[in-house]
Amino acid sequence: QQLSALPVQFLFRIIGNAAVGERMRVTGPMGGRYFSTSSAGGTVEGPSIKGRMLTGFAWGPHRMGESDMRHMHYDVRVLLLTDDGQHILMRYRGTNSPTYADGSWRVGIVFEAEKGPYEWLNAIVAIGVGRKIGTDVEYRIFAVTPTHSDSD
């Protein structure tokens, strides 16, 4: 059976403060420009989760290289704290590109949740679309859902 569409289910929305801490800049061996900084925090809200993104976790985007300064890759780790006190590590990698007409970026996400009400996230591979909204950033996060059983 050939997959013609990627079925997804909405998980949550993050509105993050776009203000970031001091950036550390490094030029990589292939000419890429790497930098890292800390998150300024934000809110998390969806049908099965509510909370906030904690400040201080790192993200490390980098530009591809001198010959391709229009593309940027992301390697990010943020810590979420749910309203009921559970910690969830959200790790994602992604890219932005001038080919995305709306100025957005795309990310692939995995989670590490404590044992308890959100441990189901440990089995999720998610995708997200990010964009700037005013002085903030918004991510809409979707779980990739199974299309059929292994016996099909």
# chains A, B, ... in the order shown; residues from 1 in each chain; ligands from 1

$ residues_around --residues "Ile14 (chain A)" --least-positions-apart "6" --cutoff "6 Å" --atoms "only C-alpha atoms" --output "compact mmCIF listing (two decimals) with N, CA and C atoms, in the first residue's frame"
# COMPACT_ATOMS: atom_id res chain seq x y z
N THR A 43 3.91 29.96 26.16
CA THR A 43 2.76 29.17 26.60
C THR A 43 2.55 27.98 25.68
N VAL A 44 1.97 26.91 26.24
CA VAL A 44 1.66 25.68 25.51
C VAL A 44 0.19 25.40 25.74
N GLU A 138 5.21 31.40 16.83
CA GLU A 138 4.15 30.43 17.06
C GLU A 138 4.54 29.12 16.42
N TYR A 139 4.33 28.03 17.14
CA TYR A 139 4.48 26.69 16.59
C TYR A 139 3.14 25.98 16.69

$ closest_residue --among "A:Val107, A:Ala113, A:Ala143, A:Val76" --to "Ala126 (chain A)" --atoms "only C-alpha atoms"
A:Ala143

$ residues_around --residues "Ile133 (chain A)" --least-positions-apart "2" --cutoff "10 Å" --atoms "only C-alpha atoms" --output "ChimeraX atom specification"
/A:15-18,130-131,135-138

$ residues_around --residues "Arg52 (chain A)" --least-positions-apart "5" --cutoff "9 Å" --atoms "only C-alpha atoms" --output "ChimeraX atom specification"
/A:14,41-45,79-83

$ residues_around --residues "Val125 (chain A)" --least-positions-apart "2" --cutoff "12 Å" --atoms "only C-alpha atoms" --output "short mmCIF file (atom, residue, chain, number, x, y, z; two decimals) with all heavy atoms, in the first residue's frame"
data_model
loop_
_atom_site.label_atom_id
_atom_site.label_comp_id
_atom_site.auth_asym_id
_atom_site.auth_seq_id
_atom_site.Cartn_x
_atom_site.Cartn_y
_atom_site.Cartn_z
N PRO A 7 -1.11 11.42 7.51
CA PRO A 7 -2.17 11.75 8.46
C PRO A 7 -1.57 12.30 9.76
O PRO A 7 -0.61 11.76 10.29
CB PRO A 7 -2.87 10.42 8.70
CG PRO A 7 -1.85 9.38 8.34
CD PRO A 7 -0.92 10.01 7.34
N VAL A 8 -2.13 13.40 10.23
CA VAL A 8 -1.64 14.03 11.45
C VAL A 8 -2.81 14.39 12.35
O VAL A 8 -3.96 14.50 11.90
CB VAL A 8 -0.80 15.29 11.14
CG1 VAL A 8 0.46 14.94 10.36
CG2 VAL A 8 -1.62 16.33 10.41
N GLN A 9 -2.50 14.57 13.62
CA GLN A 9 -3.49 14.97 14.62
C GLN A 9 -2.91 16.14 15.40
O GLN A 9 -1.77 16.08 15.87
CB GLN A 9 -3.77 13.80 15.56
CG GLN A 9 -4.68 14.14 16.71
CD GLN A 9 -4.82 12.97 17.67
OE1 GLN A 9 -4.35 11.88 17.42
NE2 GLN A 9 -5.48 13.23 18.77
N LEU A 11 -1.72 18.41 18.22
CA LEU A 11 -1.34 18.17 19.61
C LEU A 11 -1.46 19.45 20.44
O LEU A 11 -2.16 19.48 21.44
CB LEU A 11 0.10 17.67 19.71
CG LEU A 11 0.36 16.23 19.35
CD1 LEU A 11 1.86 15.93 19.46
CD2 LEU A 11 -0.43 15.29 20.23
N MET A 90 11.17 18.58 24.84
CA MET A 90 10.79 18.60 23.43
C MET A 90 12.05 18.89 22.62
O MET A 90 12.67 19.94 22.80
CB MET A 90 9.72 19.68 23.20
CG MET A 90 9.20 19.73 21.80
SD MET A 90 7.81 20.91 21.70
CE MET A 90 8.43 22.02 20.47
N ARG A 91 12.44 17.92 21.78
CA ARG A 91 13.63 18.10 20.94
C ARG A 91 13.18 18.15 19.49
O ARG A 91 12.40 17.32 19.06
CB ARG A 91 14.60 16.94 21.13
CG ARG A 91 15.18 16.88 22.52
CD ARG A 91 16.15 15.73 22.69
NE ARG A 91 15.45 14.46 22.57
CZ ARG A 91 15.91 13.40 21.92
NH1 ARG A 91 17.07 13.44 21.32
NH2 ARG A 91 15.21 12.30 21.86
N TYR A 92 13.70 19.14 18.76
CA TYR A 92 13.33 19.18 17.35
C TYR A 92 14.46 19.68 16.48
O TYR A 92 15.34 20.40 16.92
CB TYR A 92 12.06 19.98 17.12
CG TYR A 92 12.07 21.44 17.48
CD1 TYR A 92 12.40 22.42 16.56
CD2 TYR A 92 11.67 21.86 18.75
CE1 TYR A 92 12.36 23.76 16.88
CE2 TYR A 92 11.62 23.20 19.09
CZ TYR A 92 11.97 24.15 18.15
OH TYR A 92 11.93 25.48 18.47
N ARG A 93 14.42 19.20 15.25
CA ARG A 93 15.33 19.64 14.19
C ARG A 93 14.46 20.10 13.04
O ARG A 93 13.37 19.58 12.83
CB ARG A 93 16.23 18.50 13.75
CG ARG A 93 17.18 18.06 14.84
CD ARG A 93 18.11 16.98 14.35
NE ARG A 93 18.88 17.47 13.23
CZ ARG A 93 20.18 17.74 13.25
NH1 ARG A 93 20.86 17.53 14.35
NH2 ARG A 93 20.81 18.18 12.19
N VAL A 107 9.61 21.65 11.31
CA VAL A 107 10.42 20.92 12.27
C VAL A 107 9.88 19.50 12.47
O VAL A 107 8.68 19.25 12.31
CB VAL A 107 10.49 21.64 13.64
CG1 VAL A 107 11.20 22.99 13.51
CG2 VAL A 107 9.12 21.83 14.26
N GLY A 108 10.78 18.57 12.81
CA GLY A 108 10.44 17.21 13.23
C GLY A 108 10.74 17.10 14.72
O GLY A 108 11.80 17.56 15.17
N ILE A 109 9.83 16.50 15.49
CA ILE A 109 9.88 16.58 16.96
C ILE A 109 9.78 15.20 17.60
O ILE A 109 8.99 14.37 17.15
CB ILE A 109 8.71 17.44 17.47
CG1 ILE A 109 8.70 18.80 16.77
CG2 ILE A 109 8.76 17.60 18.98
CD1 ILE A 109 7.37 19.49 16.79
N VAL A 110 10.55 15.00 18.67
CA VAL A 110 10.36 13.86 19.58
C VAL A 110 10.30 14.41 21.00
O VAL A 110 10.81 15.49 21.28
CB VAL A 110 11.46 12.78 19.45
CG1 VAL A 110 11.40 12.10 18.08
CG2 VAL A 110 12.83 13.34 19.71
N PHE A 111 9.67 13.65 21.88
CA PHE A 111 9.45 14.08 23.26
C PHE A 111 10.05 13.09 24.23
O PHE A 111 10.18 11.91 23.93
CB PHE A 111 7.94 14.18 23.56
CG PHE A 111 7.20 15.12 22.67
CD1 PHE A 111 6.55 14.67 21.53
CD2 PHE A 111 7.15 16.47 22.97
CE1 PHE A 111 5.86 15.54 20.71
CE2 PHE A 111 6.46 17.35 22.15
CZ PHE A 111 5.82 16.88 21.02
N GLU A 112 10.41 13.58 25.41
CA GLU A 112 10.77 12.74 26.55
C GLU A 112 9.94 13.24 27.72
O GLU A 112 10.16 14.34 28.22
CB GLU A 112 12.26 12.85 26.87
CG GLU A 112 13.14 12.24 25.80
CD GLU A 112 14.62 12.31 26.16
OE1 GLU A 112 14.96 12.23 27.36
OE2 GLU A 112 15.41 12.48 25.24
N TRP A 120 2.65 9.03 27.06
CA TRP A 120 2.24 8.65 25.71
C TRP A 120 2.99 9.47 24.65
O TRP A 120 3.17 9.01 23.52
CB TRP A 120 0.73 8.81 25.53
CG TRP A 120 0.21 10.20 25.79
CD1 TRP A 120 -0.20 10.70 26.99
CD2 TRP A 120 0.07 11.26 24.85
NE1 TRP A 120 -0.59 12.02 26.85
CE2 TRP A 120 -0.44 12.38 25.54
CE3 TRP A 120 0.31 11.37 23.49
CZ2 TRP A 120 -0.71 13.61 24.92
CZ3 TRP A 120 0.04 12.59 22.87
CH2 TRP A 120 -0.46 13.69 23.59
N LEU A 121 3.48 10.65 25.03
CA LEU A 121 4.26 11.47 24.10
C LEU A 121 5.58 10.80 23.71
O LEU A 121 6.13 11.08 22.65
CB LEU A 121 4.55 12.84 24.70
CG LEU A 121 3.39 13.82 24.73
CD1 LEU A 121 3.72 15.02 25.61
CD2 LEU A 121 3.01 14.27 23.33
N ASN A 122 6.10 9.91 24.56
CA ASN A 122 7.37 9.24 24.27
C ASN A 122 7.29 8.38 23.01
O ASN A 122 8.31 8.07 22.41
CB ASN A 122 7.80 8.39 25.46
CG ASN A 122 8.10 9.22 26.68
OD1 ASN A 122 8.50 10.39 26.57
ND2 ASN A 122 7.90 8.67 27.85
N ALA A 123 6.10 7.98 22.61
CA ALA A 123 5.91 7.14 21.42
C ALA A 123 5.52 7.97 20.19
O ALA A 123 5.26 7.41 19.14
CB ALA A 123 4.83 6.09 21.69
N ILE A 127 5.39 16.64 13.88
CA ILE A 127 5.90 17.65 12.96
C ILE A 127 5.31 18.98 13.39
O ILE A 127 4.28 19.03 14.06
CB ILE A 127 5.54 17.34 11.49
CG1 ILE A 127 4.02 17.18 11.32
CG2 ILE A 127 6.28 16.11 11.00
CD1 ILE A 127 3.58 17.02 9.88
N GLY A 128 5.99 20.04 13.05
CA GLY A 128 5.50 21.36 13.43
C GLY A 128 5.80 22.38 12.36
O GLY A 128 6.72 22.22 11.57
N ILE A 141 1.91 22.16 16.49
CA ILE A 141 2.52 20.84 16.58
C ILE A 141 1.48 19.77 16.30
O ILE A 141 0.39 19.79 16.89
CB ILE A 141 3.13 20.62 17.98
CG1 ILE A 141 4.01 21.81 18.42
CG2 ILE A 141 3.87 19.30 18.05
CD1 ILE A 141 5.21 22.07 17.56
N PHE A 142 1.85 18.80 15.44
CA PHE A 142 0.95 17.73 15.03
C PHE A 142 1.64 16.37 15.19
O PHE A 142 2.78 16.21 14.77
CB PHE A 142 0.55 17.89 13.56
CG PHE A 142 -0.14 19.20 13.27
CD1 PHE A 142 0.59 20.34 13.00
CD2 PHE A 142 -1.52 19.27 13.28
CE1 PHE A 142 -0.04 21.55 12.73
CE2 PHE A 142 -2.17 20.48 13.01
CZ PHE A 142 -1.42 21.62 12.74
N ALA A 143 0.92 15.41 15.76
CA ALA A 143 1.43 14.03 15.85
C ALA A 143 1.21 13.35 14.51
O ALA A 143 0.15 13.48 13.91
CB ALA A 143 0.69 13.27 16.95
N VAL A 144 2.22 12.62 14.05
CA VAL A 144 2.05 11.79 12.87
C VAL A 144 1.33 10.53 13.34
O VAL A 144 1.79 9.85 14.25
CB VAL A 144 3.41 11.46 12.23
CG1 VAL A 144 3.23 10.55 11.03
CG2 VAL A 144 4.14 12.74 11.84
N THR A 145 0.20 10.22 12.74
CA THR A 145 -0.61 9.09 13.19
C THR A 145 -0.45 7.89 12.27
O THR A 145 -0.15 8.06 11.08
CB THR A 145 -2.09 9.50 13.26
OG1 THR A 145 -2.51 9.94 11.97
CG2 THR A 145 -2.32 10.61 14.27
N PRO A 146 -0.63 6.69 12.81
CA PRO A 146 -0.49 5.49 11.97
C PRO A 146 -1.55 5.47 10.86
O PRO A 146 -2.67 5.92 11.07
CB PRO A 146 -0.70 4.33 12.94
CG PRO A 146 -1.03 4.91 14.25
CD PRO A 146 -0.97 6.40 14.16
#

$ closest_residue --among "A:Leu6, A:Val78, A:Met72, A:Ala40" --to "Pro98 (chain A)" --atoms "only C-alpha atoms"
A:Met72

$ closest_residue --among "A:Ser39, A:Ser104, A:Ser48, A:Thr95" --to "Tyr74 (chain A)" --atoms "only C-alpha atoms"
A:Thr95

$ decode --residues "region 77-100 of chain A" --atoms "N, CA, C and O atoms" --output "PDB file, in the first residue's frame"
ATOM      1  N   ARG A  77      16.283  22.205  21.855  1.00  0.00           N
ATOM      2  CA  ARG A  77      15.787  21.480  23.017  1.00  0.00           C
ATOM      3  C   ARG A  77      15.117  22.491  23.930  1.00  0.00           C
ATOM      4  O   ARG A  77      15.752  23.452  24.346  1.00  0.00           O
ATOM      5  N   VAL A  78      13.815  22.278  24.192  1.00  0.00           N
ATOM      6  CA  VAL A  78      13.096  23.139  25.118  1.00  0.00           C
ATOM      7  C   VAL A  78      12.417  22.268  26.161  1.00  0.00           C
ATOM      8  O   VAL A  78      12.081  21.115  25.906  1.00  0.00           O
ATOM      9  N   LEU A  79      12.242  22.819  27.327  1.00  0.00           N
ATOM     10  CA  LEU A  79      11.606  22.099  28.422  1.00  0.00           C
ATOM     11  C   LEU A  79      10.224  22.691  28.656  1.00  0.00           C
ATOM     12  O   LEU A  79      10.081  23.898  28.848  1.00  0.00           O
ATOM     13  N   LEU A  80       9.228  21.815  28.620  1.00  0.00           N
ATOM     14  CA  LEU A  80       7.850  22.219  28.880  1.00  0.00           C
ATOM     15  C   LEU A  80       7.489  21.822  30.301  1.00  0.00           C
ATOM     16  O   LEU A  80       7.946  20.793  30.805  1.00  0.00           O
ATOM     17  N   LEU A  81       6.672  22.616  30.943  1.00  0.00           N
ATOM     18  CA  LEU A  81       6.138  22.303  32.270  1.00  0.00           C
ATOM     19  C   LEU A  81       4.627  22.420  32.168  1.00  0.00           C
ATOM     20  O   LEU A  81       4.098  23.500  31.881  1.00  0.00           O
ATOM     21  N   THR A  82       3.933  21.298  32.378  1.00  0.00           N
ATOM     22  CA  THR A  82       2.478  21.299  32.262  1.00  0.00           C
ATOM     23  C   THR A  82       1.847  21.951  33.488  1.00  0.00           C
ATOM     24  O   THR A  82       2.479  22.054  34.545  1.00  0.00           O
ATOM     25  N   ASP A  83       0.590  22.350  33.343  1.00  0.00           N
ATOM     26  CA  ASP A  83      -0.125  22.974  34.461  1.00  0.00           C
ATOM     27  C   ASP A  83      -0.262  22.041  35.663  1.00  0.00           C
ATOM     28  O   ASP A  83      -0.434  22.503  36.785  1.00  0.00           O
ATOM     29  N   ASP A  84      -0.175  20.725  35.425  1.00  0.00           N
ATOM     30  CA  ASP A  84      -0.244  19.779  36.538  1.00  0.00           C
ATOM     31  C   ASP A  84       1.138  19.316  37.012  1.00  0.00           C
ATOM     32  O   ASP A  84       1.270  18.312  37.692  1.00  0.00           O
ATOM     33  N   GLY A  85       2.194  20.071  36.657  1.00  0.00           N
ATOM     34  CA  GLY A  85       3.515  19.862  37.231  1.00  0.00           C
ATOM     35  C   GLY A  85       4.410  18.825  36.572  1.00  0.00           C
ATOM     36  O   GLY A  85       5.422  18.435  37.147  1.00  0.00           O
ATOM     37  N   GLN A  86       4.098  18.390  35.369  1.00  0.00           N
ATOM     38  CA  GLN A  86       4.914  17.395  34.672  1.00  0.00           C
ATOM     39  C   GLN A  86       5.895  18.068  33.718  1.00  0.00           C
ATOM     40  O   GLN A  86       5.531  19.017  33.014  1.00  0.00           O
ATOM     41  N   HIS A  87       7.135  17.564  33.680  1.00  0.00           N
ATOM     42  CA  HIS A  87       8.149  18.074  32.760  1.00  0.00           C
ATOM     43  C   HIS A  87       8.176  17.232  31.493  1.00  0.00           C
ATOM     44  O   HIS A  87       8.108  16.007  31.558  1.00  0.00           O
ATOM     45  N   ILE A  88       8.314  17.909  30.354  1.00  0.00           N
ATOM     46  CA  ILE A  88       8.415  17.243  29.061  1.00  0.00           C
ATOM     47  C   ILE A  88       9.541  17.914  28.282  1.00  0.00           C
ATOM     48  O   ILE A  88       9.520  19.133  28.074  1.00  0.00           O
ATOM     49  N   LEU A  89      10.521  17.118  27.875  1.00  0.00           N
ATOM     50  CA  LEU A  89      11.589  17.628  27.018  1.00  0.00           C
ATOM     51  C   LEU A  89      11.117  17.496  25.577  1.00  0.00           C
ATOM     52  O   LEU A  89      10.687  16.420  25.148  1.00  0.00           O
ATOM     53  N   MET A  90      11.173  18.582  24.836  1.00  0.00           N
ATOM     54  CA  MET A  90      10.791  18.596  23.427  1.00  0.00           C
ATOM     55  C   MET A  90      12.050  18.893  22.620  1.00  0.00           C
ATOM     56  O   MET A  90      12.665  19.941  22.796  1.00  0.00           O
ATOM     57  N   ARG A  91      12.440  17.923  21.779  1.00  0.00           N
ATOM     58  CA  ARG A  91      13.630  18.100  20.939  1.00  0.00           C
ATOM     59  C   ARG A  91      13.182  18.146  19.489  1.00  0.00           C
ATOM     60  O   ARG A  91      12.395  17.316  19.063  1.00  0.00           O
ATOM     61  N   TYR A  92      13.702  19.136  18.758  1.00  0.00           N
ATOM     62  CA  TYR A  92      13.329  19.179  17.347  1.00  0.00           C
ATOM     63  C   TYR A  92      14.465  19.684  16.478  1.00  0.00           C
ATOM     64  O   TYR A  92      15.344  20.405  16.918  1.00  0.00           O
ATOM     65  N   ARG A  93      14.420  19.202  15.248  1.00  0.00           N
ATOM     66  CA  ARG A  93      15.326  19.639  14.190  1.00  0.00           C
ATOM     67  C   ARG A  93      14.459  20.104  13.039  1.00  0.00           C
ATOM     68  O   ARG A  93      13.365  19.583  12.832  1.00  0.00           O
ATOM     69  N   GLY A  94      14.942  21.080  12.311  1.00  0.00           N
ATOM     70  CA  GLY A  94      14.142  21.563  11.199  1.00  0.00           C
ATOM     71  C   GLY A  94      14.887  22.541  10.328  1.00  0.00           C
ATOM     72  O   GLY A  94      16.103  22.717  10.465  1.00  0.00           O
ATOM     73  N   THR A  95      14.146  23.171   9.445  1.00  0.00           N
ATOM     74  CA  THR A  95      14.744  24.102   8.508  1.00  0.00           C
ATOM     75  C   THR A  95      13.758  25.202   8.129  1.00  0.00           C
ATOM     76  O   THR A  95      12.551  25.019   8.225  1.00  0.00           O
ATOM     77  N   ASN A  96      14.303  26.331   7.748  1.00  0.00           N
ATOM     78  CA  ASN A  96      13.487  27.324   7.046  1.00  0.00           C
ATOM     79  C   ASN A  96      14.098  27.489   5.674  1.00  0.00           C
ATOM     80  O   ASN A  96      15.232  27.097   5.424  1.00  0.00           O
ATOM     81  N   SER A  97      13.327  28.030   4.770  1.00  0.00           N
ATOM     82  CA  SER A  97      13.773  28.135   3.391  1.00  0.00           C
ATOM     83  C   SER A  97      13.032  29.273   2.708  1.00  0.00           C
ATOM     84  O   SER A  97      11.857  29.499   3.001  1.00  0.00           O
ATOM     85  N   PRO A  98      13.691  29.958   1.805  1.00  0.00           N
ATOM     86  CA  PRO A  98      12.987  30.984   1.046  1.00  0.00           C
ATOM     87  C   PRO A  98      11.905  30.390   0.144  1.00  0.00           C
ATOM     88  O   PRO A  98      11.052  31.107  -0.356  1.00  0.00           O
ATOM     89  N   THR A  99      11.906  29.076  -0.047  1.00  0.00           N
ATOM     90  CA  THR A  99      10.858  28.442  -0.852  1.00  0.00           C
ATOM     91  C   THR A  99       9.537  28.353  -0.098  1.00  0.00           C
ATOM     92  O   THR A  99       8.502  28.105  -0.700  1.00  0.00           O
ATOM     93  N   TYR A 100       9.543  28.554   1.227  1.00  0.00           N
ATOM     94  CA  TYR A 100       8.301  28.595   1.992  1.00  0.00           C
ATOM     95  C   TYR A 100       7.748  30.016   1.859  1.00  0.00           C
ATOM     96  O   TYR A 100       8.225  30.939   2.510  1.00  0.00           O
TER      97      TYR A 100
END
